[in-house]
>>> print(open('query15.txt').read())   # compact mmCIF, N, CA and C atoms
# COMPACT_ATOMS: atom_id res chain seq x y z
N MET Z 1 -12.99 -11.95 -3.34
CA MET Z 1 -12.72 -10.81 -2.48
C MET Z 1 -11.49 -10.08 -3.01
N THR Z 2 -11.61 -8.79 -3.24
CA THR Z 2 -10.47 -8.00 -3.69
C THR Z 2 -10.04 -7.06 -2.59
N THR Z 3 -8.77 -6.73 -2.61
CA THR Z 3 -8.23 -5.82 -1.61
C THR Z 3 -7.81 -4.51 -2.24
N THR Z 4 -8.43 -4.15 -3.33
CA THR Z 4 -8.01 -2.94 -4.03
C THR Z 4 -8.40 -1.67 -3.31
N ASP Z 5 -9.34 -1.73 -2.36
CA ASP Z 5 -9.74 -0.54 -1.65
C ASP Z 5 -8.84 -0.25 -0.46
N GLN Z 6 -7.88 -1.12 -0.20
CA GLN Z 6 -6.96 -0.93 0.92
C GLN Z 6 -5.63 -0.41 0.39
N PRO Z 7 -4.96 0.44 1.15
CA PRO Z 7 -3.65 0.91 0.70
C PRO Z 7 -2.63 -0.23 0.75
N ALA Z 8 -1.60 -0.10 -0.06
CA ALA Z 8 -0.57 -1.13 -0.10
C ALA Z 8 0.10 -1.27 1.26
N ARG Z 9 0.33 -2.50 1.66
CA ARG Z 9 0.97 -2.75 2.94
C ARG Z 9 2.46 -2.48 2.84
N LYS Z 10 3.08 -2.29 3.98
CA LYS Z 10 4.50 -1.95 4.01
C LYS Z 10 5.40 -3.18 4.07
N ASP Z 11 4.82 -4.38 4.21
CA ASP Z 11 5.65 -5.57 4.38
C ASP Z 11 5.78 -6.38 3.09
N ASN Z 12 5.70 -5.74 1.93
CA ASN Z 12 5.87 -6.47 0.69
C ASN Z 12 7.11 -5.96 -0.03
N LEU Z 13 7.57 -6.70 -1.02
CA LEU Z 13 8.80 -6.39 -1.73
C LEU Z 13 8.55 -5.28 -2.75
N PHE Z 14 8.89 -4.08 -2.41
CA PHE Z 14 8.78 -2.89 -3.26
C PHE Z 14 7.34 -2.52 -3.61
N GLY Z 15 6.36 -3.34 -3.30
CA GLY Z 15 4.96 -3.02 -3.56
C GLY Z 15 4.56 -3.05 -5.02
N VAL Z 16 5.33 -3.73 -5.86
CA VAL Z 16 5.05 -3.73 -7.29
C VAL Z 16 3.73 -4.44 -7.58
N CYS Z 17 3.56 -5.64 -7.09
CA CYS Z 17 2.33 -6.39 -7.36
C CYS Z 17 1.12 -5.70 -6.74
N ALA Z 18 1.29 -5.14 -5.56
CA ALA Z 18 0.18 -4.43 -4.92
C ALA Z 18 -0.21 -3.19 -5.72
N ALA Z 19 0.77 -2.48 -6.24
CA ALA Z 19 0.49 -1.27 -7.02
C ALA Z 19 -0.20 -1.62 -8.34
N VAL Z 20 0.26 -2.68 -9.00
CA VAL Z 20 -0.37 -3.09 -10.26
C VAL Z 20 -1.79 -3.57 -10.00
N GLY Z 21 -1.98 -4.34 -8.94
CA GLY Z 21 -3.32 -4.79 -8.58
C GLY Z 21 -4.24 -3.64 -8.24
N GLU Z 22 -3.70 -2.64 -7.57
CA GLU Z 22 -4.49 -1.45 -7.22
C GLU Z 22 -4.88 -0.66 -8.47
N ASP Z 23 -3.93 -0.51 -9.39
CA ASP Z 23 -4.19 0.26 -10.61
C ASP Z 23 -5.19 -0.43 -11.52
N PHE Z 24 -5.11 -1.76 -11.63
CA PHE Z 24 -5.96 -2.47 -12.57
C PHE Z 24 -7.16 -3.15 -11.90
N GLY Z 25 -7.28 -3.06 -10.59
CA GLY Z 25 -8.47 -3.53 -9.90
C GLY Z 25 -8.57 -5.02 -9.70
N PHE Z 26 -7.46 -5.69 -9.41
CA PHE Z 26 -7.52 -7.11 -9.11
C PHE Z 26 -6.68 -7.41 -7.87
N ASP Z 27 -6.86 -8.59 -7.34
CA ASP Z 27 -6.15 -9.00 -6.13
C ASP Z 27 -4.68 -9.25 -6.48
N PRO Z 28 -3.74 -8.57 -5.83
CA PRO Z 28 -2.33 -8.74 -6.17
C PRO Z 28 -1.79 -10.13 -5.84
N LEU Z 29 -2.52 -10.90 -5.07
CA LEU Z 29 -2.08 -12.26 -4.76
C LEU Z 29 -1.93 -13.10 -6.02
N TRP Z 30 -2.82 -12.89 -7.00
CA TRP Z 30 -2.74 -13.65 -8.25
C TRP Z 30 -1.46 -13.32 -9.02
N LEU Z 31 -1.08 -12.07 -9.04
CA LEU Z 31 0.15 -11.68 -9.72
C LEU Z 31 1.37 -12.21 -8.97
N ARG Z 32 1.32 -12.18 -7.65
CA ARG Z 32 2.42 -12.73 -6.85
C ARG Z 32 2.58 -14.22 -7.10
N MET Z 33 1.45 -14.93 -7.18
CA MET Z 33 1.53 -16.37 -7.44
C MET Z 33 2.07 -16.65 -8.83
N ALA Z 34 1.70 -15.84 -9.82
CA ALA Z 34 2.22 -16.01 -11.18
C ALA Z 34 3.73 -15.79 -11.20
N PHE Z 35 4.20 -14.77 -10.49
CA PHE Z 35 5.65 -14.55 -10.41
C PHE Z 35 6.35 -15.70 -9.70
N ALA Z 36 5.75 -16.22 -8.65
CA ALA Z 36 6.36 -17.32 -7.90
C ALA Z 36 6.49 -18.58 -8.76
N VAL Z 37 5.45 -18.88 -9.51
CA VAL Z 37 5.50 -20.06 -10.39
C VAL Z 37 6.50 -19.84 -11.51
N ALA Z 38 6.51 -18.64 -12.08
CA ALA Z 38 7.44 -18.34 -13.17
C ALA Z 38 8.90 -18.39 -12.69
N LEU Z 39 9.13 -18.05 -11.43
CA LEU Z 39 10.49 -18.11 -10.88
C LEU Z 39 11.05 -19.53 -10.92
N LEU Z 40 10.19 -20.51 -10.83
CA LEU Z 40 10.64 -21.91 -10.87
C LEU Z 40 11.22 -22.28 -12.22
N PHE Z 41 10.80 -21.58 -13.28
CA PHE Z 41 11.22 -21.95 -14.63
C PHE Z 41 12.37 -21.09 -15.15
N ASP Z 42 12.32 -19.78 -14.92
CA ASP Z 42 13.34 -18.89 -15.48
C ASP Z 42 13.53 -17.69 -14.56
N MET Z 43 14.44 -17.81 -13.62
CA MET Z 43 14.63 -16.78 -12.59
C MET Z 43 15.11 -15.46 -13.18
N GLU Z 44 16.05 -15.52 -14.11
CA GLU Z 44 16.65 -14.31 -14.64
C GLU Z 44 15.62 -13.42 -15.34
N HIS Z 45 14.83 -14.01 -16.23
CA HIS Z 45 13.85 -13.22 -16.98
C HIS Z 45 12.71 -12.73 -16.08
N VAL Z 46 12.34 -13.51 -15.10
CA VAL Z 46 11.27 -13.10 -14.19
C VAL Z 46 11.72 -11.93 -13.34
N LEU Z 47 12.95 -11.97 -12.84
CA LEU Z 47 13.47 -10.86 -12.04
C LEU Z 47 13.62 -9.59 -12.89
N MET Z 48 14.02 -9.76 -14.15
CA MET Z 48 14.10 -8.59 -15.03
C MET Z 48 12.70 -8.03 -15.31
N ALA Z 49 11.72 -8.90 -15.50
CA ALA Z 49 10.35 -8.44 -15.72
C ALA Z 49 9.80 -7.75 -14.49
N TYR Z 50 10.11 -8.28 -13.31
CA TYR Z 50 9.66 -7.66 -12.06
C TYR Z 50 10.29 -6.27 -11.89
N ALA Z 51 11.59 -6.17 -12.19
CA ALA Z 51 12.28 -4.88 -12.09
C ALA Z 51 11.71 -3.88 -13.10
N ALA Z 52 11.43 -4.35 -14.32
CA ALA Z 52 10.86 -3.46 -15.34
C ALA Z 52 9.45 -3.02 -14.93
N LEU Z 53 8.67 -3.92 -14.38
CA LEU Z 53 7.33 -3.58 -13.92
C LEU Z 53 7.41 -2.59 -12.76
N GLY Z 54 8.39 -2.78 -11.88
CA GLY Z 54 8.59 -1.84 -10.78
C GLY Z 54 8.97 -0.46 -11.27
N LEU Z 55 9.82 -0.41 -12.28
CA LEU Z 55 10.21 0.88 -12.86
C LEU Z 55 9.02 1.55 -13.53
N LEU Z 56 8.19 0.76 -14.20
CA LEU Z 56 6.99 1.30 -14.84
C LEU Z 56 6.01 1.86 -13.80
N VAL Z 57 5.86 1.14 -12.70
CA VAL Z 57 4.98 1.62 -11.62
C VAL Z 57 5.54 2.91 -11.02
N LEU Z 58 6.84 2.97 -10.81
CA LEU Z 58 7.47 4.17 -10.25
C LEU Z 58 7.24 5.37 -11.17
N VAL Z 59 7.48 5.19 -12.45
CA VAL Z 59 7.30 6.30 -13.40
C VAL Z 59 5.84 6.73 -13.45
N SER Z 60 4.93 5.76 -13.47
CA SER Z 60 3.51 6.13 -13.55
C SER Z 60 3.05 6.84 -12.28
N ARG Z 61 3.57 6.42 -11.12
CA ARG Z 61 3.18 7.07 -9.87
C ARG Z 61 3.76 8.47 -9.77
N LEU Z 62 4.95 8.68 -10.31
CA LEU Z 62 5.54 10.02 -10.29
C LEU Z 62 4.88 10.94 -11.31
N ALA Z 63 4.52 10.38 -12.47
CA ALA Z 63 3.93 11.20 -13.53
C ALA Z 63 2.47 11.54 -13.25
N PHE Z 64 1.72 10.59 -12.68
CA PHE Z 64 0.29 10.79 -12.47
C PHE Z 64 -0.03 10.68 -10.99
N ARG Z 65 0.41 11.65 -10.24
CA ARG Z 65 0.15 11.65 -8.80
C ARG Z 65 -1.32 11.88 -8.52
N THR Z 66 -1.84 11.13 -7.54
CA THR Z 66 -3.21 11.35 -7.11
C THR Z 66 -3.19 12.29 -5.92
N PRO Z 67 -4.05 13.29 -5.93
CA PRO Z 67 -4.05 14.21 -4.79
C PRO Z 67 -4.50 13.50 -3.53
N THR Z 68 -3.80 13.77 -2.45
CA THR Z 68 -4.16 13.17 -1.17
C THR Z 68 -5.01 14.16 -0.40
N ALA Z 69 -6.03 13.65 0.21
CA ALA Z 69 -6.93 14.50 0.99
C ALA Z 69 -6.27 14.81 2.33
N THR Z 70 -6.32 16.06 2.70
CA THR Z 70 -5.78 16.43 4.01
C THR Z 70 -6.84 16.17 5.06
N PRO Z 71 -6.47 15.49 6.12
CA PRO Z 71 -7.48 15.19 7.14
C PRO Z 71 -7.92 16.45 7.87
N GLU Z 72 -9.20 16.50 8.15
CA GLU Z 72 -9.72 17.65 8.87
C GLU Z 72 -9.37 17.50 10.34
N PRO Z 73 -9.09 18.63 11.01
CA PRO Z 73 -8.75 18.52 12.43
C PRO Z 73 -9.95 18.02 13.23
N ILE Z 74 -9.67 17.22 14.21
CA ILE Z 74 -10.72 16.66 15.05
C ILE Z 74 -11.16 17.73 16.05
N ALA Z 75 -12.45 17.97 16.08
CA ALA Z 75 -12.99 18.98 16.99
C ALA Z 75 -12.95 18.44 18.42
N GLN Z 76 -12.38 19.21 19.29
CA GLN Z 76 -12.29 18.82 20.69
C GLN Z 76 -13.55 19.28 21.41
N PRO Z 77 -14.17 18.39 22.17
CA PRO Z 77 -15.38 18.80 22.90
C PRO Z 77 -15.02 19.79 24.01
N ASP Z 78 -15.99 20.65 24.31
CA ASP Z 78 -15.78 21.62 25.39
C ASP Z 78 -15.93 20.89 26.72
N VAL Z 79 -14.81 20.68 27.37
CA VAL Z 79 -14.80 19.96 28.64
C VAL Z 79 -14.20 20.87 29.69
N GLU Z 80 -14.91 21.01 30.78
CA GLU Z 80 -14.38 21.82 31.86
C GLU Z 80 -13.31 21.02 32.60
N PRO Z 81 -12.27 21.68 33.06
CA PRO Z 81 -11.23 20.95 33.78
C PRO Z 81 -11.77 20.35 35.07
N ILE Z 82 -11.29 19.18 35.38
CA ILE Z 82 -11.72 18.48 36.61
C ILE Z 82 -10.82 18.94 37.75
N GLU Z 83 -11.45 19.33 38.82
CA GLU Z 83 -10.67 19.75 39.99
C GLU Z 83 -10.47 18.54 40.89
N TYR Z 84 -9.25 18.29 41.22
CA TYR Z 84 -8.93 17.16 42.08
C TYR Z 84 -8.73 17.68 43.50
N ARG Z 85 -9.16 16.89 44.44
CA ARG Z 85 -8.91 17.28 45.83
C ARG Z 85 -7.45 17.10 46.16
N GLN Z 86 -6.95 18.00 46.93
CA GLN Z 86 -5.55 17.91 47.31
C GLN Z 86 -5.43 16.85 48.39
N ALA Z 87 -4.49 15.97 48.22
CA ALA Z 87 -4.27 14.90 49.22
C ALA Z 87 -3.79 15.50 50.52
N ALA Z 88 -4.26 14.94 51.62
CA ALA Z 88 -3.90 15.47 52.94
C ALA Z 88 -2.56 14.96 53.38
>>> encode(input="query15.txt", output="structure tokens")
Amino acid sequence: MTTTDQPARKDNLFGVCAAVGEDFGFDPLWLRMAFAVALLFDMEHVLMAYAALGLLVLVSRLAFRTPTATPEPIAQPDVEPIEYRQAA
């Protein structure tokens, strides 16, 4: 099961793994797990790689913006106003 058709959630760290997973069409959980395991061995290089990947994602998103569709206004049904009886 892949989550590439869903927009990136707001509760992740900078959205780097989600953005890379979205761009390349795989589940970002696998990339997150790879970073977590790699952190156990060499924290400094993994954090630098994560920051570099984040910078690369930022540059690619700024350089190649995808047009966002503007939502169409919702048509309101023709409803006659309801007359309420005045309380005595």
>>> atom_distance(input="query15.txt", atom1="atom C of Z:Phe24", atom2="atom CA of Z:Val57")
13.0 Å
>>> select_by_dssp(input="query15.txt", residues="stretch 11-46 of chain Z", states="alpha helix (DSSP H)", output="number ranges by chain")
Z: 16-24, 28-41, 43-46
>>> atom_distance(input="query15.txt", atom1="atom N of Z:Ala51", atom2="atom CA of Z:Val37")
15.3 Å
>>> axis_aligned_box(input="query15.txt", around="stretch 71-76 of chain Z", padding_each_side="5 Å", output="AutoDock Vina command-line options")
--center_x -10.0 --center_y 17.2 --center_z 13.8 --size_x 17.1 --size_y 14.1 --size_z 25.3
>>> atom_distance(input="query15.txt", atom1="atom N of Z:Leu58", atom2="atom CA of Z:Ala18")
11.6 Å
>>> residues_near_point(input="query15.txt", point="(-0.3, -9.1, -5.1)", cutoff="7 Å", atoms="all atoms listed in the file", output="ChimeraX atom specification")
/Z:16-19,21,27-33
